[in-house]
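Pasting query.txt here (compact mmCIF, C-alpha atoms):
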# COMPACT_ATOMS: atom_id res chain seq x y z
CA MET A 115 27.26 -38.47 -43.92
CA VAL A 116 26.68 -35.01 -42.53
CA THR A 117 29.63 -33.26 -40.99
CA ARG A 118 28.46 -30.85 -38.34
CA ILE A 119 30.66 -28.11 -37.02
CA VAL A 120 29.57 -27.23 -33.52
CA VAL A 121 30.28 -23.62 -32.70
CA GLY A 122 29.31 -21.08 -30.07
CA ALA A 123 29.23 -21.10 -26.31
CA HIS A 124 25.99 -23.01 -25.82
CA TYR A 125 23.92 -19.90 -25.23
CA GLY A 126 20.93 -21.62 -26.77
CA TRP A 127 21.11 -24.49 -24.31
CA ARG A 128 21.33 -22.13 -21.33
CA ASP A 129 18.31 -20.09 -22.47
CA TRP A 130 16.36 -23.26 -23.12
CA LEU A 131 17.05 -24.45 -19.56
CA VAL A 132 16.35 -21.03 -18.01
CA GLN A 133 13.01 -20.86 -19.76
CA ARG A 134 11.99 -24.20 -18.22
CA VAL A 135 13.28 -23.49 -14.71
CA THR A 136 11.52 -20.11 -14.63
CA ALA A 137 8.37 -21.80 -15.94
CA VAL A 138 8.37 -24.18 -12.97
CA VAL A 139 8.90 -21.29 -10.51
CA MET A 140 5.98 -19.37 -12.06
CA ALA A 141 3.74 -22.44 -12.07
CA ILE A 142 4.37 -23.14 -8.37
CA TYR A 143 3.78 -19.49 -7.42
CA SER A 144 0.55 -19.34 -9.46
CA VAL A 145 -0.88 -22.49 -7.93
CA VAL A 146 0.04 -21.41 -4.37
CA LEU A 147 -1.42 -17.92 -4.87
CA ALA A 148 -4.62 -19.33 -6.38
CA GLY A 149 -4.84 -21.75 -3.43
CA ILE A 150 -4.41 -18.95 -0.89
CA LEU A 151 -7.08 -16.82 -2.56
CA LEU A 152 -9.54 -19.71 -2.97
CA VAL A 153 -9.17 -21.10 0.56
CA GLY A 154 -8.96 -17.78 2.40
CA PRO A 155 -11.69 -15.27 3.20
CA PRO A 156 -13.29 -13.19 0.40
CA VAL A 157 -10.71 -10.78 -0.93
CA ASP A 158 -11.25 -7.19 0.18
CA TYR A 159 -8.63 -4.48 0.51
CA ASP A 160 -7.51 -5.49 4.01
CA VAL A 161 -7.00 -9.14 3.05
CA TRP A 162 -5.26 -8.20 -0.22
CA HIS A 163 -3.02 -5.59 1.38
CA ALA A 164 -2.13 -7.82 4.36
CA LEU A 165 -1.15 -10.64 1.98
CA PHE A 166 1.34 -8.46 0.09
CA ALA A 167 2.59 -6.82 3.28
CA GLN A 168 4.18 -10.07 4.45
CA GLY A 169 7.90 -10.46 3.85
CA TRP A 170 7.75 -13.96 2.40
CA MET A 171 5.00 -12.96 -0.02
CA ARG A 172 7.01 -9.99 -1.27
CA VAL A 173 10.10 -12.11 -1.81
CA ALA A 174 8.04 -14.88 -3.49
CA THR A 175 6.39 -12.31 -5.74
CA LEU A 176 9.75 -10.78 -6.61
CA LEU A 177 11.07 -14.25 -7.46
CA PHE A 178 7.97 -14.76 -9.63
CA ALA A 179 8.44 -11.38 -11.32
CA ALA A 180 12.11 -12.08 -12.01
CA SER A 181 11.12 -15.44 -13.52
CA VAL A 182 8.47 -13.75 -15.66
CA ALA A 183 11.00 -11.19 -16.86
CA TRP A 184 13.65 -13.73 -17.85
CA HIS A 185 11.12 -16.19 -19.36
CA MET A 186 9.44 -13.34 -21.25
CA TRP A 187 12.71 -12.10 -22.70
CA ILE A 188 13.60 -15.53 -24.10
CA GLY A 189 10.10 -16.07 -25.45
CA VAL A 190 9.68 -12.68 -27.13
CA ARG A 191 13.24 -12.83 -28.46
CA ASP A 192 12.45 -16.20 -30.06
CA ILE A 193 9.35 -14.73 -31.70
CA LEU A 194 11.35 -11.78 -33.04
CA MET A 195 14.10 -14.09 -34.32
CA ASP A 196 11.51 -16.16 -36.17
CA TYR A 197 9.49 -13.40 -37.83
CA VAL A 198 11.60 -10.23 -38.07
CA LYS A 199 14.34 -10.75 -40.62
CA PRO A 200 15.90 -7.28 -41.17
CA VAL A 201 18.73 -7.14 -38.63
CA GLY A 202 18.38 -3.45 -37.78
CA LEU A 203 14.66 -3.65 -37.15
CA ARG A 204 15.06 -6.83 -35.11
CA LEU A 205 17.78 -5.27 -32.98
CA ALA A 206 15.65 -2.17 -32.41
CA LEU A 207 12.65 -4.29 -31.36
CA GLN A 208 14.81 -6.43 -29.08
CA VAL A 209 16.20 -3.34 -27.38
CA PHE A 210 12.65 -2.05 -26.96
CA VAL A 211 11.55 -5.35 -25.41
CA VAL A 212 14.50 -5.37 -23.00
CA VAL A 213 13.63 -1.83 -21.88
CA VAL A 214 9.95 -2.73 -21.43
CA ILE A 215 10.78 -5.85 -19.39
CA ALA A 216 13.25 -3.95 -17.21
CA GLY A 217 10.52 -1.37 -16.66
CA TYR A 218 8.04 -4.09 -15.69
CA LEU A 219 10.49 -5.48 -13.15
CA GLY A 220 11.30 -2.05 -11.71
CA TRP A 221 7.63 -1.21 -11.41
CA THR A 222 6.93 -4.51 -9.64
CA ILE A 223 9.64 -3.80 -7.07
CA GLN A 224 8.21 -0.34 -6.55
CA ILE A 225 4.70 -1.77 -6.04
CA LEU A 226 5.92 -4.39 -3.58
CA TRP A 227 8.11 -2.14 -1.42
CA ARG A 228 6.10 1.03 -1.42
CA MET B 157 26.23 -29.26 -51.85
CA SER B 158 25.70 -27.72 -55.29
CA GLN B 159 22.91 -30.22 -55.77
CA ALA B 160 21.23 -28.89 -52.61
CA VAL B 161 21.47 -25.32 -53.85
CA ALA B 162 19.96 -26.31 -57.20
CA ASN B 163 17.09 -28.09 -55.47
CA LYS B 164 16.48 -25.10 -53.26
CA LYS B 165 15.97 -22.91 -56.30
CA ASN B 166 13.44 -25.24 -57.85
CA ARG B 167 11.58 -26.09 -54.70
CA PRO B 168 7.89 -25.36 -55.20
CA LYS B 169 6.51 -22.73 -52.87
CA TYR B 170 2.95 -22.98 -51.74
CA LEU B 171 2.58 -20.41 -49.05
CA ASN B 172 0.09 -17.82 -50.16
CA LEU B 173 -2.55 -16.40 -47.84
CA THR B 174 -5.39 -18.58 -49.14
CA ALA B 175 -3.28 -21.68 -48.60
CA LEU B 176 -2.33 -20.57 -45.09
CA LEU B 177 -5.89 -19.74 -44.11
CA PHE B 178 -7.95 -22.42 -45.82
CA GLU B 179 -5.84 -25.22 -47.24
CA ILE B 180 -2.97 -26.00 -44.88
CA ARG B 181 -4.60 -27.63 -41.87
CA LEU B 182 -2.62 -27.74 -38.65
CA PRO B 183 -2.74 -30.92 -36.60
CA VAL B 184 -4.17 -30.39 -33.13
CA ALA B 185 -0.67 -30.35 -31.57
CA GLY B 186 0.17 -27.56 -34.00
CA TRP B 187 -2.75 -25.55 -32.67
CA VAL B 188 -1.53 -26.01 -29.11
CA SER B 189 1.90 -24.84 -30.20
CA ILE B 190 0.90 -21.72 -32.15
CA LEU B 191 -1.61 -20.75 -29.45
CA HIS B 192 1.18 -21.15 -26.88
CA ARG B 193 3.16 -18.59 -28.85
CA ILE B 194 0.20 -16.24 -29.39
CA SER B 195 -0.85 -16.42 -25.73
CA GLY B 196 2.74 -15.77 -24.68
CA ALA B 197 2.97 -12.66 -26.85
CA LEU B 198 -0.40 -11.54 -25.48
CA LEU B 199 0.77 -11.98 -21.88
CA PHE B 200 3.89 -9.92 -22.62
CA VAL B 201 1.66 -7.01 -23.69
CA ALA B 202 -0.97 -7.58 -20.98
CA THR B 203 1.62 -7.42 -18.19
CA LEU B 204 1.55 -3.63 -18.48
CA TRP B 205 -2.18 -3.65 -17.77
CA LEU B 206 -1.97 -6.26 -15.01
CA LEU B 207 0.76 -4.29 -13.25
CA PHE B 208 -1.40 -1.19 -13.46
CA MET B 209 -4.21 -3.04 -11.66
CA LEU B 210 -1.84 -4.55 -9.08
CA ASP B 211 -0.39 -1.10 -8.45
CA ARG B 212 -3.80 0.52 -7.93
CA SER B 213 -5.24 -2.37 -5.90
CA LEU B 214 -2.40 -2.14 -3.37
CA ALA B 215 -2.21 1.66 -3.23
CA SER B 216 -5.11 2.38 -0.85
CA ALA B 217 -8.62 1.21 0.06
CA ARG B 218 -10.08 3.83 -2.28
CA ASP B 219 -7.90 2.74 -5.19
CA PHE B 220 -8.80 -0.89 -4.46
CA ALA B 221 -12.47 0.06 -4.67
CA PHE B 222 -11.74 1.77 -7.98
CA VAL B 223 -10.17 -1.42 -9.38
CA VAL B 224 -13.15 -3.48 -8.20
CA HIS B 225 -15.51 -1.03 -9.87
CA TYR B 226 -13.32 -0.92 -13.01
CA LEU B 227 -13.43 -4.72 -13.24
CA GLN B 228 -17.24 -4.60 -13.32
CA LEU B 229 -17.23 -2.83 -16.70
CA TRP B 230 -17.98 -5.35 -19.43
CA PRO B 231 -15.21 -4.40 -21.90
CA VAL B 232 -12.73 -4.70 -19.03
CA LYS B 233 -14.15 -8.07 -18.02
CA LEU B 234 -13.97 -9.27 -21.60
CA ALA B 235 -10.34 -8.16 -21.91
CA LEU B 236 -9.48 -9.81 -18.59
CA LEU B 237 -11.20 -13.00 -19.76
CA VAL B 238 -8.91 -13.06 -22.81
CA VAL B 239 -5.87 -12.57 -20.56
CA ILE B 240 -7.08 -15.34 -18.24
CA TRP B 241 -7.45 -17.65 -21.23
CA ALA B 242 -3.96 -16.73 -22.43
CA PHE B 243 -2.55 -17.53 -18.98
CA CYS B 244 -4.44 -20.83 -18.62
CA HIS B 245 -3.57 -22.02 -22.11
CA HIS B 246 0.07 -21.00 -21.76
CA PHE B 247 0.20 -22.76 -18.37
CA CYS B 248 -1.36 -26.04 -19.59
CA ALA B 249 0.53 -26.13 -22.89
CA GLY B 250 3.77 -25.38 -21.02
CA ILE B 251 3.22 -28.36 -18.70
CA ARG B 252 2.55 -30.53 -21.76
CA PHE B 253 5.82 -29.40 -23.35
CA LEU B 254 7.72 -30.13 -20.12
CA LEU B 255 6.26 -33.64 -20.04
CA LEU B 256 7.11 -34.21 -23.72
CA GLU B 257 10.66 -33.02 -23.10
CA THR B 258 11.04 -35.53 -20.29
CA GLN B 259 10.03 -38.18 -22.83
CA ARG B 260 6.48 -38.73 -21.65
CA GLY B 261 3.57 -39.17 -24.05
CA TRP B 262 5.61 -39.43 -27.24
CA ASP B 263 3.45 -41.85 -29.21
CA LYS B 264 1.02 -40.36 -31.69
CA LYS B 265 -2.10 -41.32 -29.77
CA SER B 266 -1.10 -39.83 -26.39
CA ALA B 267 0.42 -36.74 -28.03
CA ARG B 268 -2.87 -36.09 -29.79
CA LEU B 269 -4.85 -36.77 -26.62
CA SER B 270 -2.69 -34.46 -24.51
CA SER B 271 -3.10 -31.72 -27.14
CA ILE B 272 -6.87 -32.00 -26.94
CA ILE B 273 -6.73 -32.03 -23.13
CA VAL B 274 -4.64 -28.83 -23.15
CA LEU B 275 -7.02 -27.02 -25.52
CA VAL B 276 -10.07 -28.06 -23.50
CA ALA B 277 -8.44 -27.39 -20.11
CA GLY B 278 -7.49 -23.88 -21.21
CA VAL B 279 -11.09 -23.07 -22.06
CA VAL B 280 -12.58 -24.85 -19.01
CA LEU B 281 -10.22 -23.08 -16.58
CA THR B 282 -11.08 -19.76 -18.26
CA ILE B 283 -14.78 -20.46 -17.69
CA VAL B 284 -14.16 -21.46 -14.05
CA PHE B 285 -12.12 -18.34 -13.24
CA GLY B 286 -14.38 -16.19 -15.41
CA ALA B 287 -17.44 -17.42 -13.49
CA ARG B 288 -15.78 -16.43 -10.22
CA LEU B 289 -14.96 -13.04 -11.65
CA TRP B 290 -18.45 -12.41 -12.95
Structure encoded using structure tokens:
Amino acid sequence: MVTRIVVGAHYGWRDWLVQRVTAVVMAIYSVVLAGILLVGPPVDYDVWHALFAQGWMRVATLLFAASVAWHMWIGVRDILMDYVKPVGLRLALQVFVVVVIAGYLGWTIQILWR
Amino acid sequence: MSQAVANKKNRPKYLNLTALLFEIRLPVAGWVSILHRISGALLFVATLWLLFMLDRSLASARDFAFVVHYLQLWPVKLALLVVIWAFCHHFCAGIRFLLLETQRGWDKKSARLSSIIVLVAGVVLTIVFGARLW
């Protein structure tokens, strides 16, 4: 008989769920974007620029980018937890990853609302 | 408990590089899984590059033309092809994991089949998108 002591505040469960919900958001966005590009006219600058000038597209892309950021954080953090054992190094790498992802998100917003 | 500790000490280890590379063979589902992780890590790094291209392509007509020209260079195309593969594999493998987690395709035969489908679909989609790019 194994006695398990359950501790913590279920952070693992929340991250697990977030990773799946964001995955679905990204999948839907990707399929819709691919559909728009495949069905529409050949992509030149005017078509491309007009697509990202529309309000709904900007919001959808921001939602996609936010999903990427959150999903990416959980995924890269899991990789670091699995392979980087020294606590100090792991913490430093995790901080670096957080900064990079925040930068990605900031840059995306800047690109979308230029 | 003390028995477990004792066993842990005597447990044979067989994880040298030769064993990892040539002797321990992953089942096909294992390949899908490790490639999911590798492609994910790759996409994390590639996002910097993809954002650079998105930024330039939306900046002005001239910058858009630059990106189009840039994408004609073969090393760039090759790199983009790798990123496209990473995306397609990550996408397909992710859908497989979602299905497994909702208790679909659990028996050995379907799990193996879905693994093969994911590996093939990743490559086929890469070829399809790559052909459009080229």
Mind running chain B against chain A at 12 Å and telling me each contacting residue's nearest atom pair with the distance in Å (one decimal), counting all atoms listed in the file, chain and number ascending, as JSON lines?
{"residue": "B:Met157", "atom": "CA", "partner": "A:Val116", "partner_atom": "CA", "distance": 11.0}
{"residue": "B:Ile190", "atom": "CA", "partner": "A:Ile193", "partner_atom": "CA", "distance": 11.0}
{"residue": "B:His192", "atom": "CA", "partner": "A:Gly189", "partner_atom": "CA", "distance": 10.4}
{"residue": "B:Arg193", "atom": "CA", "partner": "A:Ile193", "partner_atom": "CA", "distance": 7.8}
{"residue": "B:Ile194", "atom": "CA", "partner": "A:Ile193", "partner_atom": "CA", "distance": 9.6}
{"residue": "B:Ser195", "atom": "CA", "partner": "A:Gly189", "partner_atom": "CA", "distance": 11.0}
{"residue": "B:Gly196", "atom": "CA", "partner": "A:Gly189", "partner_atom": "CA", "distance": 7.4}
{"residue": "B:Ala197", "atom": "CA", "partner": "A:Val190", "partner_atom": "CA", "distance": 6.7}
{"residue": "B:Leu198", "atom": "CA", "partner": "A:Val190", "partner_atom": "CA", "distance": 10.3}
{"residue": "B:Leu199", "atom": "CA", "partner": "A:Met186", "partner_atom": "CA", "distance": 8.8}
{"residue": "B:Phe200", "atom": "CA", "partner": "A:Met186", "partner_atom": "CA", "distance": 6.7}
{"residue": "B:Val201", "atom": "CA", "partner": "A:Val214", "partner_atom": "CA", "distance": 9.6}
{"residue": "B:Ala202", "atom": "CA", "partner": "A:Tyr218", "partner_atom": "CA", "distance": 11.0}
{"residue": "B:Thr203", "atom": "CA", "partner": "A:Tyr218", "partner_atom": "CA", "distance": 7.7}
{"residue": "B:Leu204", "atom": "CA", "partner": "A:Tyr218", "partner_atom": "CA", "distance": 7.1}
{"residue": "B:Trp205", "atom": "CA", "partner": "A:Tyr218", "partner_atom": "CA", "distance": 10.4}
{"residue": "B:Leu206", "atom": "CA", "partner": "A:Tyr218", "partner_atom": "CA", "distance": 10.3}
{"residue": "B:Leu207", "atom": "CA", "partner": "A:Thr222", "partner_atom": "CA", "distance": 7.2}
{"residue": "B:Phe208", "atom": "CA", "partner": "A:Trp221", "partner_atom": "CA", "distance": 9.3}
{"residue": "B:Met209", "atom": "CA", "partner": "A:Ile225", "partner_atom": "CA", "distance": 10.6}
{"residue": "B:Leu210", "atom": "CA", "partner": "A:Ile225", "partner_atom": "CA", "distance": 7.7}
{"residue": "B:Asp211", "atom": "CA", "partner": "A:Ile225", "partner_atom": "CA", "distance": 5.7}
{"residue": "B:Arg212", "atom": "CA", "partner": "A:Ile225", "partner_atom": "CA", "distance": 9.0}
{"residue": "B:Ser213", "atom": "CA", "partner": "A:Tyr159", "partner_atom": "CA", "distance": 7.6}
{"residue": "B:Leu214", "atom": "CA", "partner": "A:His163", "partner_atom": "CA", "distance": 5.9}
{"residue": "B:Ala215", "atom": "CA", "partner": "A:Ile225", "partner_atom": "CA", "distance": 8.2}
{"residue": "B:Ser216", "atom": "CA", "partner": "A:Tyr159", "partner_atom": "CA", "distance": 7.8}
{"residue": "B:Ala217", "atom": "CA", "partner": "A:Tyr159", "partner_atom": "CA", "distance": 5.7}
{"residue": "B:Arg218", "atom": "CA", "partner": "A:Tyr159", "partner_atom": "CA", "distance": 8.9}
{"residue": "B:Asp219", "atom": "CA", "partner": "A:Tyr159", "partner_atom": "CA", "distance": 9.2}
{"residue": "B:Phe220", "atom": "CA", "partner": "A:Tyr159", "partner_atom": "CA", "distance": 6.1}
{"residue": "B:Ala221", "atom": "CA", "partner": "A:Tyr159", "partner_atom": "CA", "distance": 7.9}
{"residue": "B:Phe222", "atom": "CA", "partner": "A:Tyr159", "partner_atom": "CA", "distance": 11.0}
{"residue": "B:Val223", "atom": "CA", "partner": "A:Tyr159", "partner_atom": "CA", "distance": 10.5}
{"residue": "B:Val224", "atom": "CA", "partner": "A:Asp158", "partner_atom": "CA", "distance": 9.4}
{"residue": "B:Phe243", "atom": "CA", "partner": "A:Ser144", "partner_atom": "CA", "distance": 10.2}
{"residue": "B:Cys244", "atom": "CA", "partner": "A:Ser144", "partner_atom": "CA", "distance": 10.5}
{"residue": "B:His246", "atom": "CA", "partner": "A:Ala137", "partner_atom": "CA", "distance": 10.2}
{"residue": "B:Phe247", "atom": "CA", "partner": "A:Ala141", "partner_atom": "CA", "distance": 7.2}
{"residue": "B:Cys248", "atom": "CA", "partner": "A:Ala141", "partner_atom": "CA", "distance": 9.8}
{"residue": "B:Ala249", "atom": "CA", "partner": "A:Ala137", "partner_atom": "CA", "distance": 11.3}
{"residue": "B:Gly250", "atom": "CA", "partner": "A:Ala137", "partner_atom": "CA", "distance": 7.7}
{"residue": "B:Ile251", "atom": "CA", "partner": "A:Val138", "partner_atom": "CA", "distance": 8.8}
{"residue": "B:Arg252", "atom": "CA", "partner": "A:Arg134", "partner_atom": "CA", "distance": 11.9}
{"residue": "B:Phe253", "atom": "CA", "partner": "A:Arg134", "partner_atom": "CA", "distance": 9.6}
{"residue": "B:Leu254", "atom": "CA", "partner": "A:Arg134", "partner_atom": "CA", "distance": 7.6}
{"residue": "B:Leu255", "atom": "CA", "partner": "A:Arg134", "partner_atom": "CA", "distance": 11.2}
{"residue": "B:Glu257", "atom": "CA", "partner": "A:Arg134", "partner_atom": "CA", "distance": 10.2}
{"residue": "B:Thr258", "atom": "CA", "partner": "A:Arg134", "partner_atom": "CA", "distance": 11.6}
{"residue": "B:Phe285", "atom": "CA", "partner": "A:Ala148", "partner_atom": "CA", "distance": 10.2}
{"residue": "B:Arg288", "atom": "CA", "partner": "A:Leu152", "partner_atom": "CA", "distance": 10.1}
{"residue": "B:Leu289", "atom": "CA", "partner": "A:Val157", "partner_atom": "CA", "distance": 11.8}
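Of the residues under consideration (B:Gly286, B:Gly278, B:Gly186, B:Gly261), B:Gly286 shows the shortest atom-to-atom contact distance to Lys233 of chain B when counting only C-alpha atoms.
Atom CA of Val139 of chain A is positioned 9.5 Å from atom CA of Ala174 of chain A.
The space between atom CA of Val198 of chain A and atom CA of Val212 of chain A spans 16.1 Å.
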Exercise. Which distance in Å separates atom CA of Ile240 of chain B and atom CA of Thr282 of chain B, to one decimal?
Worked result: 6.0 Å
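Nearest-residue note for Trp227 of chain A: choosing from A:Leu176, A:Leu207, A:Met195, A:Val153, the minimum distance belongs to A:Leu176, counting all atoms listed in the file.
Distances to Leu275 of chain B were evaluated for B:Ala287, B:Leu227, B:Leu237, B:Ala185 using only C-alpha atoms, and the minimum falls at B:Ala185.
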